[in-house]
Amino acid sequence: MTLPQTPHYLIDMGLLRANMEKVAQLREASGAKALLALKCFATWSVFDLMRDYMDGTTSSSLYELRLGRETFGKETHAYSVAWADHEIDEAVSYADKIIFNSLSQLDRHGARAQGIATGLRLNPRFSTSGFDLADPARPFSRLGESDLDRLEDALDRISGVMIHYNCENGDFDLFDRQLTRIEAEFGGLLTRLDWVSLGGGIHFTGEGYPLDRLADRLKAFQDRYGVQAYLEPGEASVTKTTTLEVSVLDILDTGKQVAIVDSSTEAHMLDLLIYREDAKLPQEGDHVYQVAGKTCLAGDIFGEARFARPLQIGDRISISDAAGYTMVKKNWFNGLAQPSIAIRDEDGSIRTVRDFSYDEFKGSLS
């Protein structure tokens with residue numbers, strides 16, 4: 001088999017199916033619905049597999065919304081922090097549900113969303129995020145309404161709410177306690193709704209997660225309030241399914257051994273820089289290297305890796321967890337060629353489904 005030229009993202013369909021089977025298990029046991037969060041993962045080449053296990057998509061913009069409708073189908077939820085006047089009619093044409101971020105957005109656009117289910121984002125003023133950058137409950141947060149009186153005033157115009165307060169939360173007990181807090185404060189409102197989206201960020205496909213307890217809790221929540229619950233798994237849908245495959249271009253001794261690869265954190269794994277995290281690199285062996293990108297950014301560093309033998313120019317390195325919030329953020333910084341997208345099918349064969357050319361780089365500007 002001829003492997004694709006590096007760099008490329010490699011999606012393992014067997015691993016993706018394993019995650020999808022957990023999604024399906026949770027849906028069946030709980031009665032909750034699952035929507036793929038396109039802000040996290042929008043590689044539509046694999047939607048033919050994911051579609052069989054999920055109920056649809058949820059979006060954060062007009063383009064994501066349209067992509068979900070055209071390439072995934074099924075139920076299509078539209079959300080945006082703010083809809084522009086020139087977007088709203090097109091957004092409504094693609095959506096089954098539209099969720100407004102604020103009461104002022106509902107006031108401005110609600111009448112133009114007649115004919116589809118309408119919701120509002122509820123901010124419970126707490127979250128599980130360990131990063132201020134990503135915390136929807138940070139001080140002065142603009143993400144959703146939290147005042148109960150304002151929410152009450154909207155009840156005659158909405159049929160549901162979206163409450164996004166989890167972030168990489170693999171702790172079921174924490175999820176349970178925080179949902180109980182939501183019930184205590186907003187339960188009187190929830191009983192008057194038809195549906196409630198609990199957002200994403202629940203790491204229920206992780207190893208050892210008590211899926212049965214989550215299913216029971218979701219079922220009890222729905223039964224108590226008479227609502228249809230939705231989850232919006234993004235990272236949970238694709239975790240550990242994809243690698244970024246890179247090759248070593250040069251090896252330097254700068255006081256430590258540095259392997260420069262044909263990729264970049266800023267261009268191809270931007271979340272690493274945003275959240276100041278290291279990539280998930282090989283960690284087996286006694287030979288230690290700093291793996292660094294090829295852009296001019298001094299801090300373009302993936303992290304430190306360990307190998308069983310000394311690296312050679314031309315060696316390939318697999319960087320794990322390169323799906324969620326990674327492929328959607330790739331860019332043309334330094335004019336680096338964007339990684340192609342390849343799929344490892346369940347029979348072990350590898351095929352390239354997308355390459356990115358110079359013309360696309362040129363065409364991204366003017």
# chains A, B, ... in the order shown; residues from 1 in each chain; ligands from 1

$ residues_around --residues "segment 70-83 of chain A" --least-positions-apart "6" --cutoff "8 Å" --atoms "only C-alpha atoms" --output "mmCIF file with all heavy atoms, in the first residue's frame"
data_model
loop_
_atom_site.group_PDB
_atom_site.id
_atom_site.type_symbol
_atom_site.label_atom_id
_atom_site.label_comp_id
_atom_site.auth_asym_id
_atom_site.auth_seq_id
_atom_site.Cartn_x
_atom_site.Cartn_y
_atom_site.Cartn_z
ATOM 1 N N LEU A 35 -26.880 14.999 18.488
ATOM 2 C CA LEU A 35 -26.578 15.808 17.318
ATOM 3 C C LEU A 35 -25.076 16.049 17.256
ATOM 4 O O LEU A 35 -24.460 16.416 18.257
ATOM 5 C CB LEU A 35 -27.295 17.157 17.395
ATOM 6 C CG LEU A 35 -28.808 17.140 17.620
ATOM 7 C CD1 LEU A 35 -29.311 18.564 17.841
ATOM 8 C CD2 LEU A 35 -29.517 16.496 16.440
ATOM 9 N N TRP A 44 -17.092 15.940 6.380
ATOM 10 C CA TRP A 44 -18.316 15.292 5.913
ATOM 11 C C TRP A 44 -18.067 14.021 5.121
ATOM 12 O O TRP A 44 -19.012 13.275 4.820
ATOM 13 C CB TRP A 44 -19.161 16.287 5.117
ATOM 14 C CG TRP A 44 -18.436 17.055 4.065
ATOM 15 C CD1 TRP A 44 -17.824 18.262 4.208
ATOM 16 C CD2 TRP A 44 -18.263 16.690 2.694
ATOM 17 N NE1 TRP A 44 -17.268 18.666 3.005
ATOM 18 C CE2 TRP A 44 -17.532 17.723 2.065
ATOM 19 C CE3 TRP A 44 -18.667 15.575 1.936
ATOM 20 C CZ2 TRP A 44 -17.189 17.673 0.726
ATOM 21 C CZ3 TRP A 44 -18.331 15.532 0.591
ATOM 22 C CH2 TRP A 44 -17.595 16.576 0.002
ATOM 23 N N PHE A 47 -19.576 11.237 7.109
ATOM 24 C CA PHE A 47 -20.941 11.364 7.605
ATOM 25 C C PHE A 47 -21.813 10.173 7.216
ATOM 26 O O PHE A 47 -22.810 9.885 7.886
ATOM 27 C CB PHE A 47 -21.567 12.662 7.103
ATOM 28 C CG PHE A 47 -21.090 13.891 7.825
ATOM 29 C CD1 PHE A 47 -21.559 15.151 7.462
ATOM 30 C CD2 PHE A 47 -20.171 13.807 8.863
ATOM 31 C CE1 PHE A 47 -21.121 16.291 8.123
ATOM 32 C CE2 PHE A 47 -19.721 14.946 9.530
ATOM 33 C CZ PHE A 47 -20.213 16.184 9.151
ATOM 34 N N ASP A 48 -21.475 9.473 6.137
ATOM 35 C CA ASP A 48 -22.269 8.300 5.766
ATOM 36 C C ASP A 48 -22.271 7.261 6.878
ATOM 37 O O ASP A 48 -23.274 6.564 7.087
ATOM 38 C CB ASP A 48 -21.734 7.668 4.475
ATOM 39 C CG ASP A 48 -22.125 8.457 3.234
ATOM 40 O OD1 ASP A 48 -22.986 9.360 3.353
ATOM 41 O OD2 ASP A 48 -21.569 8.180 2.158
ATOM 42 N N ARG A 51 -24.094 9.102 10.235
ATOM 43 C CA ARG A 51 -25.523 9.331 10.073
ATOM 44 C C ARG A 51 -26.366 8.174 10.610
ATOM 45 O O ARG A 51 -27.479 8.377 11.117
ATOM 46 C CB ARG A 51 -25.832 9.568 8.596
ATOM 47 C CG ARG A 51 -27.257 9.982 8.308
ATOM 48 C CD ARG A 51 -27.497 10.105 6.816
ATOM 49 N NE ARG A 51 -26.632 11.117 6.202
ATOM 50 C CZ ARG A 51 -25.653 10.835 5.333
ATOM 51 N NH1 ARG A 51 -25.408 9.572 4.980
ATOM 52 N NH2 ARG A 51 -24.926 11.801 4.815
ATOM 53 N N ASP A 55 -28.700 11.610 15.311
ATOM 54 C CA ASP A 55 -30.001 12.144 14.914
ATOM 55 C C ASP A 55 -29.908 13.368 14.011
ATOM 56 O O ASP A 55 -30.927 13.812 13.488
ATOM 57 C CB ASP A 55 -30.812 12.502 16.167
ATOM 58 C CG ASP A 55 -31.123 11.280 17.008
ATOM 59 O OD1 ASP A 55 -32.001 10.507 16.604
ATOM 60 O OD2 ASP A 55 -30.474 11.081 18.054
ATOM 61 N N GLY A 56 -28.709 13.927 13.859
ATOM 62 C CA GLY A 56 -28.574 15.109 13.023
ATOM 63 C C GLY A 56 -27.376 15.925 13.448
ATOM 64 O O GLY A 56 -26.406 15.400 14.000
ATOM 65 N N THR A 57 -27.440 17.239 13.197
ATOM 66 C CA THR A 57 -26.309 18.127 13.462
ATOM 67 C C THR A 57 -26.785 19.395 14.160
ATOM 68 O O THR A 57 -27.949 19.783 14.064
ATOM 69 C CB THR A 57 -25.599 18.534 12.155
ATOM 70 O OG1 THR A 57 -26.550 19.139 11.268
ATOM 71 C CG2 THR A 57 -24.955 17.335 11.488
ATOM 72 N N THR A 58 -25.840 20.028 14.834
ATOM 73 C CA THR A 58 -26.072 21.361 15.376
ATOM 74 C C THR A 58 -24.918 22.251 14.947
ATOM 75 O O THR A 58 -23.799 21.779 14.743
ATOM 76 C CB THR A 58 -26.213 21.326 16.909
ATOM 77 O OG1 THR A 58 -26.556 22.627 17.377
ATOM 78 C CG2 THR A 58 -24.938 20.858 17.574
ATOM 79 N N SER A 59 -25.190 23.526 14.788
ATOM 80 C CA SER A 59 -24.245 24.418 14.122
ATOM 81 C C SER A 59 -24.030 25.684 14.931
ATOM 82 O O SER A 59 -24.755 25.969 15.889
ATOM 83 C CB SER A 59 -24.765 24.776 12.731
ATOM 84 O OG SER A 59 -26.059 25.364 12.840
ATOM 85 N N SER A 60 -23.035 26.452 14.523
ATOM 86 C CA SER A 60 -22.723 27.730 15.164
ATOM 87 C C SER A 60 -22.705 28.888 14.180
ATOM 88 O O SER A 60 -22.346 30.003 14.548
ATOM 89 C CB SER A 60 -21.350 27.649 15.851
ATOM 90 O OG SER A 60 -21.346 26.657 16.845
ATOM 91 N N SER A 61 -23.068 28.628 12.937
ATOM 92 C CA SER A 61 -23.018 29.668 11.911
ATOM 93 C C SER A 61 -23.876 29.233 10.728
ATOM 94 O O SER A 61 -24.295 28.071 10.635
ATOM 95 C CB SER A 61 -21.578 29.872 11.427
ATOM 96 O OG SER A 61 -21.114 28.698 10.760
ATOM 97 N N LEU A 62 -24.082 30.155 9.834
ATOM 98 C CA LEU A 62 -24.879 29.861 8.643
ATOM 99 C C LEU A 62 -24.215 28.793 7.784
ATOM 100 O O LEU A 62 -24.879 27.871 7.297
ATOM 101 C CB LEU A 62 -25.086 31.137 7.831
ATOM 102 C CG LEU A 62 -25.883 30.980 6.535
ATOM 103 C CD1 LEU A 62 -27.300 30.491 6.817
ATOM 104 C CD2 LEU A 62 -25.915 32.309 5.774
ATOM 105 N N ALA A 91 -31.020 30.977 7.059
ATOM 106 C CA ALA A 91 -30.838 30.050 8.173
ATOM 107 C C ALA A 91 -32.128 29.288 8.465
ATOM 108 O O ALA A 91 -32.117 28.057 8.624
ATOM 109 C CB ALA A 91 -30.373 30.803 9.415
ATOM 110 N N VAL A 92 -33.223 29.993 8.507
ATOM 111 C CA VAL A 92 -34.517 29.343 8.783
ATOM 112 C C VAL A 92 -34.848 28.317 7.702
ATOM 113 O O VAL A 92 -35.420 27.262 7.981
ATOM 114 C CB VAL A 92 -35.623 30.415 8.905
ATOM 115 C CG1 VAL A 92 -37.003 29.775 8.922
ATOM 116 C CG2 VAL A 92 -35.405 31.250 10.169
ATOM 117 N N TYR A 94 -32.913 26.289 6.226
ATOM 118 C CA TYR A 94 -32.155 25.054 6.392
ATOM 119 C C TYR A 94 -32.499 24.316 7.684
ATOM 120 O O TYR A 94 -32.180 23.136 7.819
ATOM 121 C CB TYR A 94 -30.645 25.347 6.425
ATOM 122 C CG TYR A 94 -30.079 25.997 5.198
ATOM 123 C CD1 TYR A 94 -29.203 27.078 5.302
ATOM 124 C CD2 TYR A 94 -30.406 25.544 3.922
ATOM 125 C CE1 TYR A 94 -28.663 27.680 4.187
ATOM 126 C CE2 TYR A 94 -29.881 26.147 2.800
ATOM 127 C CZ TYR A 94 -29.009 27.215 2.931
ATOM 128 O OH TYR A 94 -28.488 27.815 1.807
ATOM 129 N N ALA A 95 -33.114 24.997 8.635
ATOM 130 C CA ALA A 95 -33.185 24.489 10.008
ATOM 131 C C ALA A 95 -34.517 23.826 10.338
ATOM 132 O O ALA A 95 -35.567 24.191 9.806
ATOM 133 C CB ALA A 95 -32.926 25.625 10.984
ATOM 134 N N ASP A 96 -34.444 22.868 11.261
ATOM 135 C CA ASP A 96 -35.649 22.331 11.908
ATOM 136 C C ASP A 96 -35.919 23.046 13.226
ATOM 137 O O ASP A 96 -37.065 23.182 13.644
ATOM 138 C CB ASP A 96 -35.474 20.828 12.193
ATOM 139 C CG ASP A 96 -35.280 20.026 10.927
ATOM 140 O OD1 ASP A 96 -36.202 20.009 10.100
ATOM 141 O OD2 ASP A 96 -34.204 19.424 10.762
ATOM 142 N N LYS A 97 -34.848 23.461 13.896
ATOM 143 C CA LYS A 97 -34.942 24.256 15.113
ATOM 144 C C LYS A 97 -33.932 25.392 15.011
ATOM 145 O O LYS A 97 -32.830 25.203 14.500
ATOM 146 C CB LYS A 97 -34.616 23.422 16.364
ATOM 147 C CG LYS A 97 -35.672 22.425 16.784
ATOM 148 C CD LYS A 97 -35.261 21.721 18.086
ATOM 149 C CE LYS A 97 -36.364 20.818 18.611
ATOM 150 N NZ LYS A 97 -36.630 19.684 17.720
ATOM 151 N N ILE A 98 -34.301 26.551 15.529
ATOM 152 C CA ILE A 98 -33.367 27.660 15.613
ATOM 153 C C ILE A 98 -33.297 28.116 17.065
ATOM 154 O O ILE A 98 -34.327 28.260 17.731
ATOM 155 C CB ILE A 98 -33.755 28.815 14.672
ATOM 156 C CG1 ILE A 98 -32.636 29.853 14.633
ATOM 157 C CG2 ILE A 98 -35.091 29.440 15.026
ATOM 158 C CD1 ILE A 98 -32.731 30.834 13.457
ATOM 159 N N ILE A 99 -32.088 28.293 17.564
ATOM 160 C CA ILE A 99 -31.863 28.653 18.960
ATOM 161 C C ILE A 99 -31.207 30.024 18.984
ATOM 162 O O ILE A 99 -30.107 30.216 18.442
ATOM 163 C CB ILE A 99 -30.962 27.609 19.647
ATOM 164 C CG1 ILE A 99 -31.627 26.228 19.583
ATOM 165 C CG2 ILE A 99 -30.673 28.002 21.098
ATOM 166 C CD1 ILE A 99 -30.684 25.077 19.867
ATOM 167 N N PHE A 100 -31.875 30.980 19.618
ATOM 168 C CA PHE A 100 -31.334 32.327 19.718
ATOM 169 C C PHE A 100 -30.502 32.448 20.987
ATOM 170 O O PHE A 100 -30.823 31.862 22.020
ATOM 171 C CB PHE A 100 -32.463 33.356 19.697
ATOM 172 C CG PHE A 100 -33.187 33.420 18.374
ATOM 173 C CD1 PHE A 100 -34.458 32.890 18.232
ATOM 174 C CD2 PHE A 100 -32.576 33.992 17.268
ATOM 175 C CE1 PHE A 100 -35.118 32.927 17.017
ATOM 176 C CE2 PHE A 100 -33.228 34.048 16.039
ATOM 177 C CZ PHE A 100 -34.502 33.510 15.911
ATOM 178 N N ASN A 101 -29.450 33.234 20.903
ATOM 179 C CA ASN A 101 -28.523 33.373 22.023
ATOM 180 C C ASN A 101 -29.050 34.323 23.097
ATOM 181 O O ASN A 101 -28.686 34.203 24.263
ATOM 182 C CB ASN A 101 -27.172 33.884 21.515
ATOM 183 C CG ASN A 101 -26.149 34.009 22.610
ATOM 184 O OD1 ASN A 101 -25.702 33.022 23.174
ATOM 185 N ND2 ASN A 101 -25.776 35.246 22.940
ATOM 186 N N GLN A 105 -32.084 38.977 20.403
ATOM 187 C CA GLN A 105 -32.080 38.292 19.107
ATOM 188 C C GLN A 105 -33.433 37.638 18.827
ATOM 189 O O GLN A 105 -33.927 37.670 17.695
ATOM 190 C CB GLN A 105 -30.979 37.239 19.079
ATOM 191 C CG GLN A 105 -29.598 37.801 18.802
ATOM 192 C CD GLN A 105 -29.273 37.852 17.318
ATOM 193 O OE1 GLN A 105 -29.196 36.819 16.645
ATOM 194 N NE2 GLN A 105 -29.069 39.060 16.797
ATOM 195 N N LEU A 143 -22.937 34.562 26.502
ATOM 196 C CA LEU A 143 -23.469 33.324 25.926
ATOM 197 C C LEU A 143 -24.730 32.872 26.659
ATOM 198 O O LEU A 143 -24.703 32.077 27.596
ATOM 199 C CB LEU A 143 -22.397 32.227 25.960
ATOM 200 C CG LEU A 143 -21.125 32.579 25.181
ATOM 201 C CD1 LEU A 143 -20.071 31.498 25.348
ATOM 202 C CD2 LEU A 143 -21.455 32.786 23.698
#

$ closest_atom_pairs --of "segment 235-309 of chain A" --to "segment 186-203 of chain A" --cutoff "9 Å" --atoms "only C-alpha atoms" --output "tab-separated table"
residue	atom	partner	partner_atom	distance
A:Glu235	CA	A:Gly201	CA	7.1
A:Ala236	CA	A:His203	CA	5.3
A:Ser237	CA	A:His203	CA	8.9
A:Thr239	CA	A:His203	CA	8.9

$ write_last_selection --atoms "C-alpha atoms" --output "PDB file, in the first residue's frame"
ATOM      1  CA  GLU A 235     -15.243  15.691  20.840  1.00  0.00           C
ATOM      2  CA  ALA A 236     -17.022  12.652  22.290  1.00  0.00           C
ATOM      3  CA  SER A 237     -18.003  11.572  18.783  1.00  0.00           C
ATOM      4  CA  THR A 239     -12.072  11.261  20.270  1.00  0.00           C
TER       5      THR A 239
END

$ select_by_dssp --residues "segment 176-280 of chain A" --states "strand (DSSP E or B)" --output "number ranges by chain"
A: 195-197, 202, 228-231, 242-253, 257-261, 280

$ atom_distance --atom1 "atom CA of Thr241 of chain A" --atom2 "atom CA of Leu133 of chain A"
25.6 Å

$ atom_distance --atom1 "atom CA of Ser247 of chain A" --atom2 "atom CA of Ile313 of chain A"
7.8 Å

$ closest_residue --among "A:Gly293, A:Pro7, A:Gly303, A:Gly234" --to "Ala279 of chain A" --atoms "only C-alpha atoms"
A:Gly303

$ residues_around --residues "Gly110 of chain A" --least-positions-apart "2" --cutoff "12 Å" --atoms "only C-alpha atoms" --output "PyMOL selection string"
chain A and resi 83+85+88-89+92+97-108+112-120+154+156-158

$ atom_distance --atom1 "atom CA of Glu90 of chain A" --atom2 "atom CA of Gly144 of chain A"
22.5 Å

$ select_by_dssp --residues "segment 168-332 of chain A" --states "alpha helix (DSSP H)" --output "VMD selection string"
chain A and resid 172 to 190 211 to 225 235 to 238 265 to 268 270 to 274

$ closest_atom_pairs --of "segment 218-251 of chain A" --to "segment 25-33 of chain A" --cutoff "9 Å" --atoms "only C-alpha atoms" --output "JSON lines"
{"residue": "A:Leu218", "atom": "CA", "partner": "A:Ser30", "partner_atom": "CA", "distance": 5.8}
{"residue": "A:Lys219", "atom": "CA", "partner": "A:Ser30", "partner_atom": "CA", "distance": 4.8}
{"residue": "A:Ala220", "atom": "CA", "partner": "A:Ser30", "partner_atom": "CA", "distance": 8.5}
{"residue": "A:Gln222", "atom": "CA", "partner": "A:Ala32", "partner_atom": "CA", "distance": 8.1}
{"residue": "A:Gln228", "atom": "CA", "partner": "A:Ala32", "partner_atom": "CA", "distance": 6.6}
{"residue": "A:Ala229", "atom": "CA", "partner": "A:Ala32", "partner_atom": "CA", "distance": 4.9}
{"residue": "A:Tyr230", "atom": "CA", "partner": "A:Lys33", "partner_atom": "CA", "distance": 4.7}
{"residue": "A:Leu231", "atom": "CA", "partner": "A:Lys33", "partner_atom": "CA", "distance": 6.2}
{"residue": "A:Glu232", "atom": "CA", "partner": "A:Lys33", "partner_atom": "CA", "distance": 8.6}

$ write_last_selection --atoms "N, CA and C atoms" --output "compact mmCIF listing (two decimals), in the first residue's frame"
# COMPACT_ATOMS: atom_id res chain seq x y z
N LEU A 218 -30.40 10.75 32.28
CA LEU A 218 -31.07 11.47 31.20
C LEU A 218 -32.53 11.05 31.07
N LYS A 219 -32.78 9.76 31.23
CA LYS A 219 -34.16 9.27 31.15
C LYS A 219 -35.00 9.86 32.27
N ALA A 220 -34.45 9.90 33.50
CA ALA A 220 -35.18 10.47 34.63
C ALA A 220 -35.44 11.95 34.41
N GLN A 222 -35.82 13.53 31.52
CA GLN A 222 -36.87 13.67 30.52
C GLN A 222 -38.24 13.33 31.10
N GLN A 228 -38.04 16.34 25.55
CA GLN A 228 -37.07 15.56 24.77
C GLN A 228 -35.70 16.16 25.01
N ALA A 229 -34.77 15.34 25.52
CA ALA A 229 -33.41 15.82 25.75
C ALA A 229 -32.56 15.61 24.51
N TYR A 230 -31.68 16.55 24.27
CA TYR A 230 -30.68 16.45 23.20
C TYR A 230 -29.29 16.56 23.82
N LEU A 231 -28.35 15.82 23.26
CA LEU A 231 -26.93 16.01 23.52
C LEU A 231 -26.27 16.44 22.22
N GLU A 232 -25.16 17.16 22.34
CA GLU A 232 -24.45 17.67 21.16
C GLU A 232 -23.00 17.20 21.20

$ closest_residue --among "A:Arg351, A:Leu281, A:Ile163, A:Asn331" --to "Ser364 of chain A" --atoms "only C-alpha atoms"
A:Asn331

$ residues_around --residues "Asp262 of chain A" --least-positions-apart "4" --cutoff "12 Å" --atoms "only C-alpha atoms" --output "count of residues only"
29

$ residues_around --residues "Gly170 of chain A" --least-positions-apart "4" --cutoff "10 Å" --atoms "only C-alpha atoms" --output "mmCIF file with all heavy atoms, in the first residue's frame"
data_model
loop_
_atom_site.group_PDB
_atom_site.id
_atom_site.type_symbol
_atom_site.label_atom_id
_atom_site.label_comp_id
_atom_site.auth_asym_id
_atom_site.auth_seq_id
_atom_site.Cartn_x
_atom_site.Cartn_y
_atom_site.Cartn_z
ATOM 1 N N THR A 128 -18.128 23.323 33.659
ATOM 2 C CA THR A 128 -17.024 22.442 34.045
ATOM 3 C C THR A 128 -15.715 22.832 33.359
ATOM 4 O O THR A 128 -14.729 22.118 33.485
ATOM 5 C CB THR A 128 -17.338 20.970 33.688
ATOM 6 O OG1 THR A 128 -17.385 20.832 32.255
ATOM 7 C CG2 THR A 128 -18.665 20.529 34.282
ATOM 8 N N ASN A 166 -20.909 21.937 29.918
ATOM 9 C CA ASN A 166 -19.871 20.927 30.095
ATOM 10 C C ASN A 166 -18.731 21.175 29.112
ATOM 11 O O ASN A 166 -18.942 21.628 27.992
ATOM 12 C CB ASN A 166 -20.439 19.529 29.871
ATOM 13 C CG ASN A 166 -21.347 19.100 31.006
ATOM 14 O OD1 ASN A 166 -20.900 18.681 32.061
ATOM 15 N ND2 ASN A 166 -22.655 19.226 30.784
ATOM 16 N N LEU A 174 -19.995 14.797 38.667
ATOM 17 C CA LEU A 174 -20.027 16.244 38.483
ATOM 18 C C LEU A 174 -21.166 16.632 37.554
ATOM 19 O O LEU A 174 -21.896 17.603 37.817
ATOM 20 C CB LEU A 174 -18.684 16.726 37.927
ATOM 21 C CG LEU A 174 -18.583 18.216 37.597
ATOM 22 C CD1 LEU A 174 -18.866 19.082 38.818
ATOM 23 C CD2 LEU A 174 -17.203 18.530 37.012
ATOM 24 N N PHE A 175 -21.331 15.911 36.465
ATOM 25 C CA PHE A 175 -22.455 16.169 35.563
ATOM 26 C C PHE A 175 -23.779 16.069 36.319
ATOM 27 O O PHE A 175 -24.658 16.929 36.192
ATOM 28 C CB PHE A 175 -22.443 15.173 34.399
ATOM 29 C CG PHE A 175 -23.712 15.192 33.590
ATOM 30 C CD1 PHE A 175 -23.913 16.150 32.614
ATOM 31 C CD2 PHE A 175 -24.721 14.255 33.815
ATOM 32 C CE1 PHE A 175 -25.091 16.187 31.876
ATOM 33 C CE2 PHE A 175 -25.894 14.283 33.086
ATOM 34 C CZ PHE A 175 -26.081 15.245 32.115
ATOM 35 N N GLY A 201 -19.656 18.428 25.364
ATOM 36 C CA GLY A 201 -18.655 18.458 26.414
ATOM 37 C C GLY A 201 -18.751 17.354 27.441
ATOM 38 O O GLY A 201 -18.012 17.363 28.428
ATOM 39 N N ILE A 202 -19.647 16.399 27.232
ATOM 40 C CA ILE A 202 -19.758 15.253 28.138
ATOM 41 C C ILE A 202 -18.953 14.118 27.517
ATOM 42 O O ILE A 202 -19.312 13.587 26.464
ATOM 43 C CB ILE A 202 -21.225 14.827 28.335
ATOM 44 C CG1 ILE A 202 -22.080 16.031 28.736
ATOM 45 C CG2 ILE A 202 -21.326 13.717 29.373
ATOM 46 C CD1 ILE A 202 -23.577 15.772 28.664
ATOM 47 N N HIS A 203 -17.888 13.711 28.169
ATOM 48 C CA HIS A 203 -16.936 12.777 27.558
ATOM 49 C C HIS A 203 -17.378 11.332 27.790
ATOM 50 O O HIS A 203 -16.646 10.518 28.367
ATOM 51 C CB HIS A 203 -15.552 13.030 28.119
ATOM 52 C CG HIS A 203 -14.445 12.458 27.298
ATOM 53 N ND1 HIS A 203 -14.295 12.745 25.954
ATOM 54 C CD2 HIS A 203 -13.442 11.614 27.614
ATOM 55 C CE1 HIS A 203 -13.239 12.102 25.482
ATOM 56 N NE2 HIS A 203 -12.706 11.402 26.467
ATOM 57 N N PHE A 204 -18.567 11.005 27.278
ATOM 58 C CA PHE A 204 -19.166 9.713 27.608
ATOM 59 C C PHE A 204 -18.649 8.554 26.758
ATOM 60 O O PHE A 204 -18.977 7.402 27.046
ATOM 61 C CB PHE A 204 -20.701 9.795 27.521
ATOM 62 C CG PHE A 204 -21.245 10.096 26.154
ATOM 63 C CD1 PHE A 204 -21.469 9.088 25.237
ATOM 64 C CD2 PHE A 204 -21.556 11.397 25.784
ATOM 65 C CE1 PHE A 204 -21.986 9.352 23.978
ATOM 66 C CE2 PHE A 204 -22.070 11.687 24.535
ATOM 67 C CZ PHE A 204 -22.289 10.658 23.630
ATOM 68 N N THR A 205 -17.868 8.854 25.741
ATOM 69 C CA THR A 205 -17.259 7.760 24.973
ATOM 70 C C THR A 205 -15.874 7.417 25.502
ATOM 71 O O THR A 205 -15.209 6.527 24.962
ATOM 72 C CB THR A 205 -17.153 8.128 23.483
ATOM 73 O OG1 THR A 205 -16.419 9.358 23.354
ATOM 74 C CG2 THR A 205 -18.537 8.295 22.864
ATOM 75 N N GLY A 206 -15.435 8.100 26.541
ATOM 76 C CA GLY A 206 -14.129 7.815 27.123
ATOM 77 C C GLY A 206 -14.103 6.464 27.817
ATOM 78 O O GLY A 206 -15.132 5.941 28.263
ATOM 79 N N GLU A 207 -12.919 5.904 27.925
ATOM 80 C CA GLU A 207 -12.759 4.592 28.540
ATOM 81 C C GLU A 207 -13.205 4.638 29.996
ATOM 82 O O GLU A 207 -12.807 5.509 30.773
ATOM 83 C CB GLU A 207 -11.296 4.160 28.462
ATOM 84 C CG GLU A 207 -11.044 2.748 28.950
ATOM 85 C CD GLU A 207 -9.615 2.314 28.746
ATOM 86 O OE1 GLU A 207 -8.855 3.056 28.073
ATOM 87 O OE2 GLU A 207 -9.234 1.240 29.266
ATOM 88 N N GLY A 208 -14.062 3.693 30.373
ATOM 89 C CA GLY A 208 -14.509 3.570 31.752
ATOM 90 C C GLY A 208 -15.648 4.476 32.147
ATOM 91 O O GLY A 208 -16.092 4.442 33.309
ATOM 92 N N TYR A 209 -16.168 5.294 31.220
ATOM 93 C CA TYR A 209 -17.272 6.182 31.585
ATOM 94 C C TYR A 209 -18.531 5.351 31.876
ATOM 95 O O TYR A 209 -18.868 4.441 31.113
ATOM 96 C CB TYR A 209 -17.560 7.182 30.467
ATOM 97 C CG TYR A 209 -18.515 8.278 30.899
ATOM 98 C CD1 TYR A 209 -18.026 9.471 31.394
ATOM 99 C CD2 TYR A 209 -19.887 8.096 30.833
ATOM 100 C CE1 TYR A 209 -18.893 10.482 31.803
ATOM 101 C CE2 TYR A 209 -20.763 9.090 31.250
ATOM 102 C CZ TYR A 209 -20.268 10.275 31.739
ATOM 103 O OH TYR A 209 -21.126 11.263 32.147
ATOM 104 N N PRO A 210 -19.259 5.654 32.955
ATOM 105 C CA PRO A 210 -20.458 4.883 33.325
ATOM 106 C C PRO A 210 -21.652 5.240 32.445
ATOM 107 O O PRO A 210 -22.564 5.974 32.854
ATOM 108 C CB PRO A 210 -20.678 5.267 34.782
ATOM 109 C CG PRO A 210 -20.133 6.662 34.893
ATOM 110 C CD PRO A 210 -18.955 6.705 33.955
ATOM 111 N N ALA A 236 -16.666 14.022 21.903
ATOM 112 C CA ALA A 236 -17.022 12.652 22.290
ATOM 113 C C ALA A 236 -17.278 11.766 21.080
ATOM 114 O O ALA A 236 -17.053 10.559 21.128
ATOM 115 C CB ALA A 236 -18.253 12.664 23.197
#
